[in-house]
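Down below is the structure, laid out as structure tokens.
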Amino acid sequence: MKKIKDELLSHQDIKYRDFNSRIIPNIDKEKMLGVRLPIIRKMAKELVKNGSYKEFIKKLPHDYYEENLLHASVLSLLQDLDELLIEIERFLPYIDNWAVSDCLKPQAFMKDPDRILDKVKEWINTKDEYYIRFGVVTLLNFYLGNNFKEEINDLVCSIKSDKYYVNMAVAWYFSYALIKQYDVTIPIFENKILDPWVHNKSIQKAIESYRISNDTKNYLRSLKVK
């Protein structure tokens, strides 16, 4: 554990830490080192390759934000789905910001999409901001392509929250749904099913994409609500 902490400290970048503290304002700056994500991902690969990750992920809570990023990066590399789900359940209560939540992106989820979808439903049905965000971003990352089902849109539509990072995740999801699954997603906006803020933010983010035609962008603009 000391070796890992010392390596993170050796890559400390105060200017980058100060930048991160502005975009992740709910984390105490003193708990940030300013280590860049490519370095953290490289460390994660080394820990998984030599097996020493098991000792590292047992230690919770961590002292630094970057240790949580490293933890999420390690879990994202695990291939044993049973082990992965056990460790995610152990780690989720300690996620307290959007960056760590979004960093947790395990490709092994696609070994059993139906099983993971059941877990996503559990996470979304909690009251915890970052459980819900992790569930929604998992759907965005893995279920808007070949694994898409219309019920997934319904699941995200059902989320009602006053938490900013939940609503941003929902808007992010639907902006991608408008890009990747337009025909089944556009009725949600035509019928104004979403909360007005989420509705407008989804359209705003979709319009920013180069993957949507100008005609479609103009139509989406016409669907904004006051």
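We name chains A, B, ... following the order of the structure tokens; residues begin at 1 in each chain, and ligands are numbered from 1 as shown.
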
Long-range neighbours of Ile188 of chain A as a list in words, 10 Å cut-off, only C-alpha atoms, 3 positions minimum in chain
Asn153, Asp154, Cys157, Phe174, Leu178, Val184, Thr185, Asn191, Lys192, Ile193, Leu194 and His199 of chain A

When DSSP is applied to the backbone of this structure, which of segment 101-226 of chain A are assigned helix (DSSP H, G or I)? Write them out as a ChimeraX atom specification.
/A:101-103,107-111,113-124,129-142,150-157,164-180,182-190,196-207,214-222

All residues 12 Å or closer to Glu122 of chain A, only C-alpha atoms, same chain fewer than 3 positions away omitted, as a ChimeraX atom specification:
/A:89,115-119,125-128,131-132,134-136,155

Now that the selection is made, can you save its residues with N, CA and C atoms as a tab-separated table (two decimals), in the first residue's frame?
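Done, and the output landed in part_22.tsv:
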```
chain	number	residue	atom	x	y	z
A	89	GLU	N	-19.84	-4.04	-5.54
A	89	GLU	CA	-20.75	-3.82	-4.41
A	89	GLU	C	-20.01	-3.32	-3.19
A	115	ARG	N	-27.69	-10.34	-16.93
A	115	ARG	CA	-27.36	-10.34	-15.49
A	115	ARG	C	-27.00	-8.92	-15.04
A	116	ILE	N	-26.22	-8.23	-15.85
A	116	ILE	CA	-25.80	-6.88	-15.48
A	116	ILE	C	-26.99	-5.93	-15.52
A	117	LEU	N	-27.90	-6.12	-16.45
A	117	LEU	CA	-29.08	-5.26	-16.51
A	117	LEU	C	-29.91	-5.40	-15.23
A	118	ASP	N	-30.00	-6.60	-14.70
A	118	ASP	CA	-30.70	-6.80	-13.42
A	118	ASP	C	-30.00	-6.03	-12.30
A	119	LYS	N	-28.66	-6.03	-12.31
A	119	LYS	CA	-27.92	-5.28	-11.30
A	119	LYS	C	-28.12	-3.77	-11.47
A	125	ASN	N	-32.60	1.80	-8.50
A	125	ASN	CA	-33.71	1.85	-7.54
A	125	ASN	C	-33.28	2.19	-6.12
A	126	THR	N	-32.00	2.51	-5.93
A	126	THR	CA	-31.56	3.01	-4.62
A	126	THR	C	-31.83	4.50	-4.55
A	127	LYS	N	-31.50	5.10	-3.44
A	127	LYS	CA	-31.64	6.55	-3.29
A	127	LYS	C	-30.27	7.24	-3.33
A	128	ASP	N	-29.22	6.47	-3.58
A	128	ASP	CA	-27.87	7.02	-3.56
A	128	ASP	C	-27.51	7.64	-4.91
A	131	TYR	N	-24.77	5.56	-6.91
A	131	TYR	CA	-25.28	4.27	-7.37
A	131	TYR	C	-26.10	4.50	-8.64
A	132	ILE	N	-27.01	5.48	-8.57
A	132	ILE	CA	-27.91	5.73	-9.71
A	132	ILE	C	-27.10	6.20	-10.91
A	134	PHE	N	-23.99	5.63	-11.62
A	134	PHE	CA	-23.23	4.51	-12.16
A	134	PHE	C	-24.13	3.60	-13.00
A	135	GLY	N	-25.34	3.35	-12.53
A	135	GLY	CA	-26.27	2.52	-13.28
A	135	GLY	C	-26.62	3.14	-14.63
A	136	VAL	N	-26.92	4.44	-14.63
A	136	VAL	CA	-27.31	5.11	-15.87
A	136	VAL	C	-26.14	5.15	-16.85
A	155	LEU	N	-36.77	2.55	-18.40
A	155	LEU	CA	-36.11	2.48	-17.10
A	155	LEU	C	-35.48	3.82	-16.73
```

Find, counting only C-alpha atoms, the residue in A:Asp114, A:Glu66, A:Glu55, A:Asp82 that gets nearest to Glu30 of chain A.
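Closest residue, counting only C-alpha atoms: A:Glu66.
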
Nearest residue to Lys45 of chain A out of A:Glu83, A:Leu78, A:Lys217, A:Val120, using only C-alpha atoms?
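With only C-alpha atoms as the atom set, the closest residue is A:Leu78.
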
From the list A:Lys5, A:Arg133, A:Lys121, A:Lys224, the nearest residue to Asn68 of chain A using only C-alpha atoms is A:Lys5

One-decimal distance in Å that lies between atom CA of Lys111 of chain A and atom CA of Phe142 of chain A:
11.1 Å

Spatial neighbours of Arg211 of chain A, max dist 12 Å, only C-alpha atoms, sep filter under 6 positions, as an NGL selection string
:A and (175-180 or 182 or 205 or 217)

Could those selected residues go to a file with N, CA and C atoms, as a compact mmCIF listing (two decimals), in the first residue's frame?
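The resulting file, out_30.txt, is reproduced below:
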```txt
# COMPACT_ATOMS: atom_id res chain seq x y z
N SER A 175 -29.08 11.97 -24.62
CA SER A 175 -28.41 12.60 -25.76
C SER A 175 -27.81 11.52 -26.66
N TYR A 176 -27.25 10.47 -26.05
CA TYR A 176 -26.69 9.35 -26.83
C TYR A 176 -27.81 8.50 -27.42
N ALA A 177 -28.90 8.35 -26.68
CA ALA A 177 -30.04 7.58 -27.21
C ALA A 177 -30.60 8.25 -28.46
N LEU A 178 -30.62 9.58 -28.47
CA LEU A 178 -31.08 10.31 -29.66
C LEU A 178 -30.15 10.09 -30.85
N ILE A 179 -28.89 9.85 -30.57
CA ILE A 179 -27.92 9.60 -31.63
C ILE A 179 -28.00 8.14 -32.11
N LYS A 180 -28.07 7.21 -31.16
CA LYS A 180 -27.94 5.79 -31.52
C LYS A 180 -29.26 5.06 -31.70
N TYR A 182 -32.54 6.69 -32.37
CA TYR A 182 -33.38 7.87 -32.57
C TYR A 182 -34.87 7.52 -32.67
N LYS A 205 -27.19 18.56 -25.49
CA LYS A 205 -26.02 17.71 -25.65
C LYS A 205 -26.07 16.93 -26.96
N LYS A 217 -31.16 18.30 -35.98
CA LYS A 217 -30.83 19.28 -34.94
C LYS A 217 -31.89 20.38 -34.88
```

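Every protein or nucleic acid residue with an atom no more than 12 Å from Asn146 of chain A, counting only C-alpha atoms and leaving out same-chain residues fewer than 4 positions away, appears here: Met110, Pro113, Leu139, Asn141, Phe142, Glu150, Lys180 and Gln181 of chain A.
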
Export N, CA and C atoms of the chosen residues as an mmCIF file, in the first residue's frame?
```cif
data_model
loop_
_atom_site.group_PDB
_atom_site.id
_atom_site.type_symbol
_atom_site.label_atom_id
_atom_site.label_comp_id
_atom_site.auth_asym_id
_atom_site.auth_seq_id
_atom_site.Cartn_x
_atom_site.Cartn_y
_atom_site.Cartn_z
ATOM 1 N N MET A 110 -20.159 -7.177 -20.432
ATOM 2 C CA MET A 110 -20.797 -7.694 -21.637
ATOM 3 C C MET A 110 -20.695 -9.210 -21.773
ATOM 4 N N PRO A 113 -24.928 -9.661 -20.376
ATOM 5 C CA PRO A 113 -25.686 -8.395 -20.344
ATOM 6 C C PRO A 113 -26.982 -8.476 -19.551
ATOM 7 N N LEU A 139 -25.656 1.912 -18.568
ATOM 8 C CA LEU A 139 -26.599 1.745 -19.681
ATOM 9 C C LEU A 139 -26.119 2.524 -20.905
ATOM 10 N N ASN A 141 -23.044 3.290 -21.686
ATOM 11 C CA ASN A 141 -21.827 2.689 -22.227
ATOM 12 C C ASN A 141 -22.061 1.358 -22.930
ATOM 13 N N PHE A 142 -23.001 0.562 -22.425
ATOM 14 C CA PHE A 142 -23.087 -0.827 -22.876
ATOM 15 C C PHE A 142 -24.425 -1.254 -23.476
ATOM 16 N N GLU A 150 -36.107 -1.435 -25.797
ATOM 17 C CA GLU A 150 -36.870 -0.217 -25.550
ATOM 18 C C GLU A 150 -37.165 -0.022 -24.066
ATOM 19 N N LYS A 180 -28.074 7.208 -31.163
ATOM 20 C CA LYS A 180 -27.939 5.789 -31.516
ATOM 21 C C LYS A 180 -29.258 5.057 -31.702
ATOM 22 N N GLN A 181 -30.307 5.526 -31.037
ATOM 23 C CA GLN A 181 -31.608 4.853 -31.109
ATOM 24 C C GLN A 181 -32.696 5.907 -31.320
#
```

Using only C-alpha atoms, which residues sit within 10 Å of Thr216 of chain A once same-chain residues fewer than 3 positions away are excluded, as a list in words?
Leu178, Tyr182, Ala206, Ile207, Ile212, Ser213, Tyr219, Leu220, Arg221 and Ser222 of chain A

Report as a list in words all protein, DNA and RNA residues lying within 10 Å of Val166 of chain A, evaluated on only C-alpha atoms, omitting residues in the same chain fewer than 2 positions from it.
Trp98, Ile124, Asp128, Glu129, Tyr130, Tyr131, Ile132, Arg133, Phe134, Gly135, Val136, Val137, Ile159, Lys160, Ser161, Asp162, Lys163, Tyr164, Met168, Ala169, Val170, Ala171, Trp172 and Val198 of chain A

Could you turn the residues from that selection into a file that holds C-alpha atoms, as a compact mmCIF listing (two decimals), in the first residue's frame?
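As written to disk, result16.txt reads:
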```
# COMPACT_ATOMS: atom_id res chain seq x y z
CA TRP A 98 -18.93 11.80 -10.77
CA ILE A 124 -31.06 2.72 -10.11
CA ASP A 128 -27.87 7.02 -3.56
CA GLU A 129 -26.76 9.62 -6.11
CA TYR A 130 -23.71 7.74 -7.31
CA TYR A 131 -25.28 4.27 -7.37
CA ILE A 132 -27.91 5.73 -9.71
CA ARG A 133 -25.38 7.62 -11.80
CA PHE A 134 -23.23 4.51 -12.16
CA GLY A 135 -26.27 2.52 -13.28
CA VAL A 136 -27.31 5.11 -15.87
CA VAL A 137 -23.80 5.53 -17.26
CA ILE A 159 -35.73 8.06 -12.65
CA LYS A 160 -36.96 11.10 -10.72
CA SER A 161 -34.29 12.86 -8.73
CA ASP A 162 -33.29 16.27 -7.43
CA LYS A 163 -29.60 15.28 -7.54
CA TYR A 164 -27.58 17.21 -10.11
CA MET A 168 -26.80 15.09 -15.77
CA ALA A 169 -26.31 11.34 -16.27
CA VAL A 170 -29.91 10.95 -17.46
CA ALA A 171 -29.46 13.85 -19.90
CA TRP A 172 -26.17 12.38 -21.10
CA VAL A 198 -33.38 17.04 -18.27
```

So, counting only C-alpha atoms, which residue among A:Ser21, A:Leu60, A:Ser73, A:Glu67 is closest to Glu46 of chain A?
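For Glu46 of chain A, the nearest of the given residues is A:Ser73.
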
Closest of A:Arg41, A:Lys31, A:Leu70, A:Ile23 to Ile4 of chain A, counting only C-alpha atoms, is A:Leu70

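Put simply, atom CA of Ile39 of chain A is 22.0 Å away from atom CA of Ile88 of chain A.
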
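Straight-line separation from atom CA of Leu77 of chain A to atom CA of Lys15 of chain A: 28.9 Å.
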
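Distance annotation: of A:Asp80, A:Pro61, A:Met43, A:Gln107, the residue with the minimal separation from Leu92 of chain A is A:Pro61; atom set is only C-alpha atoms.
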